[in-house]
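Shown next: entry03.cif, containing mmCIF, C-alpha atoms.
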```cif
data_data
#
loop_
_atom_site.label_atom_id
_atom_site.label_comp_id
_atom_site.auth_asym_id
_atom_site.auth_seq_id
_atom_site.Cartn_x
_atom_site.Cartn_y
_atom_site.Cartn_z
CA MET A 223 -30.61 0.28 56.19
CA ALA A 224 -28.16 -2.38 57.48
CA TYR A 225 -29.13 -5.62 59.18
CA ARG A 226 -27.43 -8.84 60.55
CA VAL A 227 -28.42 -12.46 60.38
CA ARG A 228 -26.45 -14.78 62.68
CA GLY A 229 -23.38 -12.70 62.38
CA ARG A 230 -23.29 -12.58 58.51
CA ALA A 231 -23.78 -9.40 56.56
CA GLY A 232 -26.40 -9.30 53.82
CA PRO A 233 -27.88 -12.16 51.72
CA PRO A 234 -25.59 -14.55 49.69
CA GLN A 235 -24.68 -13.44 46.17
CA PRO A 236 -26.84 -15.17 43.49
CA ARG A 237 -23.83 -16.05 41.19
CA ARG A 238 -21.97 -17.79 44.00
CA ALA A 239 -25.06 -19.83 44.94
CA ARG A 240 -25.48 -21.06 41.37
CA ARG A 241 -21.82 -22.15 41.26
CA LEU A 242 -22.15 -24.12 44.48
CA LEU A 243 -25.35 -25.86 43.28
CA PHE A 244 -23.72 -26.79 39.93
CA ALA A 245 -20.62 -28.23 41.64
CA PHE A 246 -22.75 -30.26 44.04
CA THR A 247 -24.94 -31.66 41.22
CA LEU A 248 -21.87 -32.59 39.11
CA SER A 249 -20.30 -34.36 42.08
CA LEU A 250 -23.42 -36.48 42.65
CA SER A 251 -23.61 -37.45 38.94
CA CYS A 252 -19.98 -38.59 38.81
CA THR A 253 -20.38 -40.54 42.02
CA TYR A 254 -23.47 -42.35 40.66
CA LEU A 255 -21.75 -43.24 37.37
CA CYS A 256 -18.66 -44.57 39.12
CA TYR A 257 -20.73 -46.63 41.52
CA SER A 258 -22.80 -48.05 38.68
CA PHE A 259 -19.74 -49.11 36.73
CA LEU A 260 -17.58 -50.40 39.57
CA CYS A 261 -20.22 -52.02 41.77
CA CYS A 262 -22.78 -53.25 39.28
CA CYS A 263 -20.70 -54.42 36.33
CA ASP A 264 -17.57 -56.50 35.91
CA GLY A 265 -15.04 -56.20 33.11
CA LEU A 266 -17.45 -57.81 30.64
CA GLY A 267 -20.24 -55.41 31.40
CA ARG A 268 -22.29 -57.94 33.43
CA SER A 269 -24.15 -57.26 36.64
CA ARG A 270 -22.32 -58.68 39.63
CA LEU A 271 -25.32 -58.31 41.89
CA LEU A 272 -28.14 -59.47 39.64
CA GLY A 273 -26.30 -61.71 37.19
CA ALA A 274 -27.46 -59.78 34.10
CA PRO A 275 -26.20 -56.83 32.02
CA ARG A 276 -27.19 -53.66 33.84
CA CYS A 277 -24.75 -50.84 33.04
CA LEU A 278 -23.53 -50.53 29.51
CA ARG A 279 -26.51 -50.91 27.26
CA GLY A 280 -27.54 -50.04 23.74
CA PRO A 281 -30.87 -48.49 22.79
CA ASP A 282 -33.78 -48.99 25.15
CA ALA A 283 -37.29 -49.94 24.13
CA SER A 284 -38.08 -46.37 23.13
CA GLY A 285 -35.05 -46.14 20.84
CA GLN A 286 -33.18 -43.75 23.16
CA LYS A 287 -29.53 -44.64 23.68
CA LEU A 288 -28.30 -45.01 27.24
CA LEU A 289 -24.67 -44.15 27.91
CA PRO A 290 -23.99 -43.75 24.16
CA LYS A 291 -20.25 -43.24 24.63
CA SER A 292 -19.81 -46.61 26.40
CA ARG A 293 -19.44 -50.02 24.69
CA PRO A 294 -22.56 -52.25 24.92
CA CYS A 295 -22.80 -55.09 27.42
CA ASP A 296 -22.48 -58.75 26.40
CA PRO A 297 -25.69 -60.67 25.65
CA PRO A 298 -27.59 -61.91 28.72
CA GLY A 299 -26.21 -65.05 30.28
CA PRO A 300 -25.18 -66.66 33.57
CA PRO A 301 -22.69 -64.87 35.81
CA PRO A 302 -19.02 -65.79 35.22
CA SER A 303 -18.84 -67.72 38.49
CA ALA A 304 -21.79 -69.99 37.60
CA PRO A 305 -21.39 -72.89 35.13
CA ALA A 306 -23.35 -72.67 31.92
CA PRO A 307 -26.54 -74.71 32.01
CA ARG A 308 -26.30 -78.05 30.17
CA LEU A 309 -28.65 -78.54 27.28
CA ALA A 310 -30.44 -81.82 26.70
CA GLY A 311 -28.10 -84.04 24.74
CA SER A 312 -25.00 -82.04 25.62
CA ASN A 313 -21.67 -83.43 26.68
CA HIS A 314 -19.66 -82.30 29.70
CA SER A 315 -18.19 -79.35 27.79
CA GLY A 316 -21.68 -77.92 27.33
CA SER A 317 -21.66 -78.33 23.56
CA PRO A 318 -24.29 -80.51 21.82
CA LYS A 319 -23.44 -84.19 21.45
CA PRO A 320 -22.70 -85.30 17.89
CA GLY A 321 -25.08 -87.59 16.05
CA THR A 322 -28.80 -88.24 16.01
CA LYS A 323 -31.11 -90.62 17.84
CA ARG A 324 -32.36 -93.10 15.26
CA LEU A 325 -34.57 -96.16 15.25
CA PRO A 326 -32.39 -99.31 15.29
CA GLN A 327 -31.30 -100.83 12.00
CA ALA A 328 -30.46 -104.13 13.71
CA LEU A 329 -31.98 -106.09 16.59
CA ILE A 330 -30.82 -109.01 18.72
CA VAL A 331 -34.22 -110.69 19.07
CA GLY A 332 -33.34 -113.91 20.87
CA VAL A 333 -33.05 -116.17 22.56
CA LYS A 334 -33.13 -115.91 26.33
CA LYS A 335 -30.13 -117.67 27.98
CA GLY A 336 -28.62 -118.24 24.56
CA GLY A 337 -25.74 -115.75 24.80
CA THR A 338 -27.41 -112.51 23.73
CA ARG A 339 -25.71 -110.39 26.40
CA ALA A 340 -22.29 -111.63 25.29
CA VAL A 341 -23.01 -110.76 21.64
CA LEU A 342 -24.22 -107.31 22.67
CA GLU A 343 -21.15 -106.56 24.79
CA PHE A 344 -18.78 -107.89 22.15
CA ILE A 345 -20.33 -105.94 19.25
CA ARG A 346 -20.33 -102.71 21.26
CA VAL A 347 -16.54 -102.71 20.98
CA HIS A 348 -16.93 -101.93 17.28
CA PRO A 349 -16.62 -98.19 16.51
CA ASP A 350 -19.34 -98.41 13.85
CA VAL A 351 -21.95 -99.78 16.26
CA ARG A 352 -23.82 -97.99 19.03
CA ALA A 353 -26.07 -100.18 21.16
CA LEU A 354 -28.61 -99.62 23.89
CA GLY A 355 -27.35 -101.29 27.06
CA THR A 356 -30.74 -102.14 28.58
CA GLU A 357 -33.60 -104.17 27.15
CA PRO A 358 -36.41 -101.76 26.12
CA HIS A 359 -39.02 -104.50 25.48
CA PHE A 360 -40.69 -102.19 23.00
CA PHE A 361 -42.11 -104.76 20.57
CA ASP A 362 -43.57 -106.96 23.31
CA ARG A 363 -44.45 -104.90 26.41
CA ASN A 364 -44.16 -101.21 25.51
CA TYR A 365 -45.45 -101.01 21.95
CA GLY A 366 -48.26 -98.70 23.00
CA ARG A 367 -45.76 -95.98 23.90
CA GLY A 368 -45.05 -95.35 20.23
CA LEU A 369 -41.99 -95.10 18.02
CA ASP A 370 -41.04 -91.62 19.23
CA TRP A 371 -40.65 -92.99 22.76
CA TYR A 372 -38.66 -95.93 21.40
CA ARG A 373 -36.37 -93.64 19.42
CA SER A 374 -35.76 -91.46 22.46
CA LEU A 375 -34.13 -94.42 24.25
CA MET A 376 -31.52 -94.95 21.56
CA PRO A 377 -27.93 -93.74 21.71
CA ARG A 378 -26.88 -90.98 19.34
CA THR A 379 -25.21 -92.22 16.18
CA LEU A 380 -23.43 -90.74 13.20
CA GLU A 381 -24.57 -91.47 9.64
CA THR A 382 -21.90 -94.16 9.34
CA GLN A 383 -22.88 -95.98 12.55
CA ILE A 384 -25.46 -98.70 13.21
CA THR A 385 -27.98 -98.40 16.04
CA LEU A 386 -28.70 -101.73 17.75
CA GLU A 387 -30.72 -103.02 20.69
CA LYS A 388 -31.40 -106.44 22.21
CA THR A 389 -34.51 -107.90 23.78
CA PRO A 390 -34.42 -111.74 23.72
CA SER A 391 -38.14 -112.16 24.36
CA TYR A 392 -38.95 -110.74 20.92
CA PHE A 393 -38.19 -114.12 19.30
CA VAL A 394 -41.08 -115.84 21.10
CA THR A 395 -43.53 -112.91 20.91
CA GLN A 396 -46.18 -113.54 18.26
CA GLU A 397 -46.70 -109.86 17.40
CA ALA A 398 -43.02 -108.87 17.29
CA PRO A 399 -42.23 -109.80 13.64
CA ARG A 400 -45.15 -107.78 12.27
CA ARG A 401 -44.40 -104.79 14.50
CA ILE A 402 -40.71 -104.74 13.57
CA PHE A 403 -41.62 -105.10 9.88
CA ASN A 404 -43.94 -102.09 10.20
CA MET A 405 -41.08 -100.08 11.69
CA SER A 406 -38.70 -101.05 8.86
CA ARG A 407 -38.79 -104.01 6.53
CA ASP A 408 -35.00 -103.65 6.14
CA THR A 409 -34.25 -104.37 9.81
CA LYS A 410 -31.49 -106.93 10.31
CA LEU A 411 -32.24 -109.60 12.91
CA ILE A 412 -29.75 -111.54 15.05
CA VAL A 413 -30.80 -114.72 16.86
CA VAL A 414 -28.41 -116.40 19.30
CA VAL A 415 -29.38 -120.05 19.70
CA ARG A 416 -28.12 -122.78 22.00
CA ASN A 417 -28.81 -126.46 22.65
CA PRO A 418 -32.45 -126.22 23.81
CA VAL A 419 -31.95 -128.69 26.68
CA THR A 420 -28.96 -126.79 28.06
CA ARG A 421 -30.80 -123.53 27.50
CA ALA A 422 -33.82 -124.79 29.52
CA ILE A 423 -31.59 -125.87 32.42
CA SER A 424 -29.85 -122.48 32.39
CA ASP A 425 -33.23 -120.74 32.36
CA TYR A 426 -34.40 -122.80 35.32
CA THR A 427 -31.15 -122.16 37.22
CA GLN A 428 -31.64 -118.41 36.86
CA THR A 429 -35.25 -118.59 38.04
CA LEU A 430 -34.26 -120.82 40.97
CA SER A 431 -31.73 -118.22 42.16
CA LYS A 432 -34.58 -115.70 42.45
CA LYS A 433 -37.36 -118.06 43.59
CA PRO A 434 -35.88 -120.91 45.63
CA ASP A 435 -39.29 -122.41 46.39
CA ILE A 436 -40.26 -123.30 42.81
CA PRO A 437 -40.85 -126.98 41.90
CA THR A 438 -38.06 -129.18 40.57
CA PHE A 439 -36.90 -128.97 36.96
CA GLU A 440 -38.27 -132.47 36.32
CA GLY A 441 -41.65 -131.53 37.80
CA LEU A 442 -41.98 -128.49 35.58
CA SER A 443 -40.72 -130.18 32.41
CA PHE A 444 -43.26 -133.01 32.21
CA ARG A 445 -46.99 -133.38 32.39
CA ASN A 446 -46.38 -137.11 32.74
CA ARG A 447 -42.77 -138.22 32.91
CA THR A 448 -43.64 -141.94 32.78
CA LEU A 449 -45.35 -141.44 29.44
CA GLY A 450 -42.75 -138.89 28.35
CA LEU A 451 -45.31 -136.11 27.95
CA VAL A 452 -43.40 -132.84 27.99
CA ASP A 453 -45.19 -129.73 29.24
CA VAL A 454 -44.80 -127.29 26.32
CA SER A 455 -46.75 -124.64 28.23
CA TRP A 456 -43.71 -124.10 30.48
CA ASN A 457 -41.84 -121.18 28.95
CA ALA A 458 -38.40 -122.68 29.61
CA ILE A 459 -39.37 -125.63 27.38
CA ARG A 460 -41.30 -123.69 24.76
CA ILE A 461 -38.53 -121.18 24.00
CA GLY A 462 -36.29 -124.02 22.73
CA MET A 463 -38.77 -125.01 19.99
CA TYR A 464 -36.88 -122.73 17.59
CA ALA A 465 -38.41 -124.02 14.36
CA LEU A 466 -41.89 -123.23 15.64
CA HIS A 467 -41.07 -119.61 16.49
CA LEU A 468 -39.07 -119.05 13.30
CA GLU A 469 -42.16 -119.63 11.19
CA SER A 470 -43.65 -116.35 12.45
CA TRP A 471 -40.55 -114.41 11.45
CA LEU A 472 -40.30 -115.89 7.97
CA ARG A 473 -43.78 -114.56 7.19
CA TYR A 474 -42.31 -111.05 7.28
CA PHE A 475 -38.55 -111.31 6.76
CA PRO A 476 -36.47 -113.28 4.27
CA LEU A 477 -33.94 -115.72 5.72
CA ALA A 478 -31.13 -113.54 4.35
CA GLN A 479 -32.12 -110.84 6.87
CA ILE A 480 -31.80 -113.17 9.86
CA HIS A 481 -28.41 -114.23 11.21
CA PHE A 482 -28.09 -117.14 13.63
CA VAL A 483 -25.26 -117.17 16.15
CA SER A 484 -24.22 -120.45 17.77
CA GLY A 485 -24.14 -120.01 21.53
CA GLU A 486 -21.71 -122.93 21.78
CA ARG A 487 -19.26 -121.55 19.20
CA LEU A 488 -19.51 -118.15 20.83
CA ILE A 489 -17.70 -119.74 23.79
CA THR A 490 -15.13 -121.81 21.88
CA ASP A 491 -14.50 -119.35 19.03
CA PRO A 492 -15.80 -115.88 19.90
CA ALA A 493 -13.74 -114.11 17.25
CA GLY A 494 -15.06 -116.39 14.51
CA GLU A 495 -18.69 -115.96 15.54
CA MET A 496 -18.32 -112.20 15.92
CA GLY A 497 -16.58 -112.04 12.55
CA ARG A 498 -19.69 -113.51 10.94
CA VAL A 499 -21.89 -111.06 12.86
CA GLN A 500 -19.82 -108.15 11.54
CA ASP A 501 -20.11 -109.51 7.99
CA PHE A 502 -23.87 -109.78 8.38
CA LEU A 503 -24.10 -106.16 9.58
CA GLY A 504 -21.95 -105.02 6.66
CA ILE A 505 -19.16 -103.55 8.77
CA LYS A 506 -15.41 -104.08 8.84
CA ARG A 507 -14.05 -107.02 10.85
CA PHE A 508 -12.71 -104.89 13.67
CA ILE A 509 -13.34 -107.38 16.51
CA THR A 510 -10.76 -110.19 16.30
CA ASP A 511 -8.87 -112.69 18.47
CA LYS A 512 -6.88 -109.87 20.05
CA HIS A 513 -10.00 -108.66 21.85
CA PHE A 514 -10.65 -111.86 23.83
CA TYR A 515 -9.24 -114.03 26.58
CA PHE A 516 -10.79 -117.10 28.16
CA ASN A 517 -11.90 -116.76 31.78
CA LYS A 518 -11.52 -120.21 33.35
CA THR A 519 -13.55 -119.25 36.42
CA LYS A 520 -16.62 -118.26 34.44
CA GLY A 521 -16.06 -120.74 31.66
CA PHE A 522 -16.45 -118.33 28.75
CA PRO A 523 -14.48 -115.60 26.95
CA CYS A 524 -14.15 -112.06 28.23
CA LEU A 525 -13.01 -108.85 26.59
CA LYS A 526 -9.44 -107.76 27.15
CA LYS A 527 -8.81 -104.28 28.51
CA THR A 528 -8.85 -101.56 25.89
CA GLN A 529 -7.67 -97.96 25.64
CA SER A 530 -10.96 -96.81 27.12
CA SER A 531 -10.99 -99.43 29.89
CA LEU A 532 -8.20 -100.09 32.36
CA LEU A 533 -9.64 -103.48 33.34
CA PRO A 534 -10.77 -106.53 31.38
CA ARG A 535 -14.52 -106.69 30.88
CA CYS A 536 -16.45 -109.85 31.74
CA LEU A 537 -20.17 -110.39 31.95
CA GLY A 538 -21.92 -109.98 35.30
CA LYS A 539 -22.21 -112.39 38.20
CA SER A 540 -25.46 -113.81 36.86
CA LYS A 541 -23.60 -115.10 33.80
CA GLY A 542 -21.69 -118.34 33.97
CA ARG A 543 -23.33 -119.61 37.16
CA THR A 544 -23.16 -123.35 37.82
CA HIS A 545 -26.22 -125.23 36.59
CA VAL A 546 -28.33 -127.36 38.89
CA GLN A 547 -27.77 -131.11 38.59
CA ILE A 548 -30.44 -132.83 36.48
CA ASP A 549 -31.17 -136.55 36.23
CA PRO A 550 -29.46 -137.82 33.02
CA GLU A 551 -32.61 -139.72 32.09
CA VAL A 552 -34.57 -136.45 32.13
CA ILE A 553 -31.98 -134.90 29.83
CA ASP A 554 -32.24 -137.85 27.42
CA GLN A 555 -36.03 -137.57 27.35
CA LEU A 556 -35.84 -133.87 26.54
CA ARG A 557 -33.28 -134.48 23.81
CA GLU A 558 -35.69 -136.89 22.16
CA PHE A 559 -38.48 -134.36 22.49
CA TYR A 560 -36.46 -131.59 20.83
CA ARG A 561 -34.91 -133.77 18.08
CA PRO A 562 -37.63 -133.23 15.41
CA TYR A 563 -37.75 -129.50 16.14
CA ASN A 564 -33.95 -129.27 15.88
CA ILE A 565 -33.82 -131.15 12.57
CA LYS A 566 -36.48 -128.91 11.08
CA PHE A 567 -34.60 -125.86 12.35
CA TYR A 568 -31.33 -127.05 10.75
CA GLU A 569 -33.07 -127.61 7.43
CA THR A 570 -34.78 -124.22 7.49
CA VAL A 571 -31.70 -122.15 8.27
CA GLY A 572 -29.25 -124.34 6.32
CA GLN A 573 -26.94 -124.86 9.30
CA ASP A 574 -26.28 -127.88 11.52
CA PHE A 575 -25.72 -126.83 15.12
CA ARG A 576 -24.92 -130.43 16.20
CA TRP A 577 -27.09 -130.56 19.30
CA GLU A 578 -27.75 -134.30 19.03
#
```

Translate the structure described by the file into structure tokens.
Amino acid sequence: MAYRVRGRAGPPQPRRARRLLFAFTLSLSCTYLCYSFLCCCDGLGRSRLLGAPRCLRGPDASGQKLLPKSRPCDPPGPPPSAPAPRLAGSNHSGSPKPGTKRLPQALIVGVKKGGTRAVLEFIRVHPDVRALGTEPHFFDRNYGRGLDWYRSLMPRTLETQITLEKTPSYFVTQEAPRRIFNMSRDTKLIVVVRNPVTRAISDYTQTLSKKPDIPTFEGLSFRNRTLGLVDVSWNAIRIGMYALHLESWLRYFPLAQIHFVSGERLITDPAGEMGRVQDFLGIKRFITDKHFYFNKTKGFPCLKKTQSSLLPRCLGKSKGRTHVQIDPEVIDQLREFYRPYNIKFYETVGQDFRWE
């Protein structure tokens, strides 16, 4: 019995139907694989859309291999167009910085307005020294933060390099010698000293630039000027009593571990003073006359330009400022006050700084 369905005779042949279904399925599979490779992955096997390997993978969690005939993708990482994340302590190339953060082996402990910044900047030229540029005030103000915090501030150094920091207020801090000794009894100490009268005037000049309404230098220096009673409670006066402060340090450190730099000779002969500093630190005399020139405007030496610096390097605007004018009689009275302290200081350190 014959019949028609929409103009076609009889049902479709089963073999032909199976062939059409197989061809259609194969076409879809090829299309999916091509899309996955071309649209999802770049030449390195990374996902362009999601930023992670998506296409060519090794075994999955169940141990079953996916696409076993294809090479595996690269390990997970950022997409090629994105820069690699910088690790802590890495340089600009993304690789870890060389060296280790260490506790300092040497400290510039004083004194304020003596020339400590100049010594720090000069010694940083040396390739065997790495120094912290700021004053951490660890042994006076931040001791409670602990040595790990203190170490974290330090620059990275190689085994052959010295780590150094400066905080001038350490010299007049009662607890500083003991705290530094507890960190390391082998710490080398540098003290930059200067005529205590000149130092006090410089200290006052700096304070005056920040607080113009403070009393006069004479008013702060004396409890009774007529009787010549100097006010030792004023910090600008007390700092210059070097022999008094040194006693605290000698309870913990031998004199051989303390080097005294003349603030006056640092101006007239910077290479000579820095040569002695380098000898004290046990490093080669790298810093010499060729590194300095005298800046007439500031009135002290500056560093010449180097391979790493296109310009000469001088200290900041706050250094070398003109001192306020002080009555000569006041200066004479202060010289007499400091004389016994100076003499005792000379005798203790075995060096005459010629401040009289």

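Of the residues listed (A:Leu488, A:Ala328, A:Val571, A:Leu472), A:Leu472 shows the shortest atom-to-atom separation from Arg400 (chain A); distances use all atoms listed in the file.
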
Evaluate the PyMOL selection byres ((chain A and resi 499-508) around 9) against this structure - the residues, as a ChimeraX atom specification, please. /A:328,341,345,347-351,384,410,412,479-483,494-498,509-510

The PyMOL selection byres ((chain A and resi 336) around 7) on the file shown: which residues, as a ChimeraX atom specification? /A:333-335,337-338,414-416,421,485

4 Å per side around region 439-447 of chain A: axis-aligned box centre and edge lengths, as JSON:
```
{"center_x": -41.9, "center_y": -133.4, "center_z": 35.0, "size_x": 18.1, "size_y": 17.7, "size_z": 13.6}
```

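Shortest atom-to-atom contact with Val452 (chain A) among A:Phe559, A:Phe475, A:Trp577, A:Tyr568: A:Phe559, counting only C-alpha atoms.
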
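Distance-wise, CA of Thr379 (chain A) and CA of Lys323 (chain A) end up 6.3 Å apart.
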
One residue among A:Asp435, A:Glu381, A:Glu569, A:Asp408 is nearest to Pro476 (chain A) when using all atoms listed in the file, and that residue is A:Asp408

Find the residues around Asp549 (chain A) up to 10 Å (all atoms listed in the file counted), leave out those fewer than 3 positions away in its own chain, and share them as a PyMOL selection string. chain A and resi 439-440+546+552-554

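A straight line drawn from CA of Ala398 (chain A) to CA of Leu556 (chain A) is 27.6 Å long.
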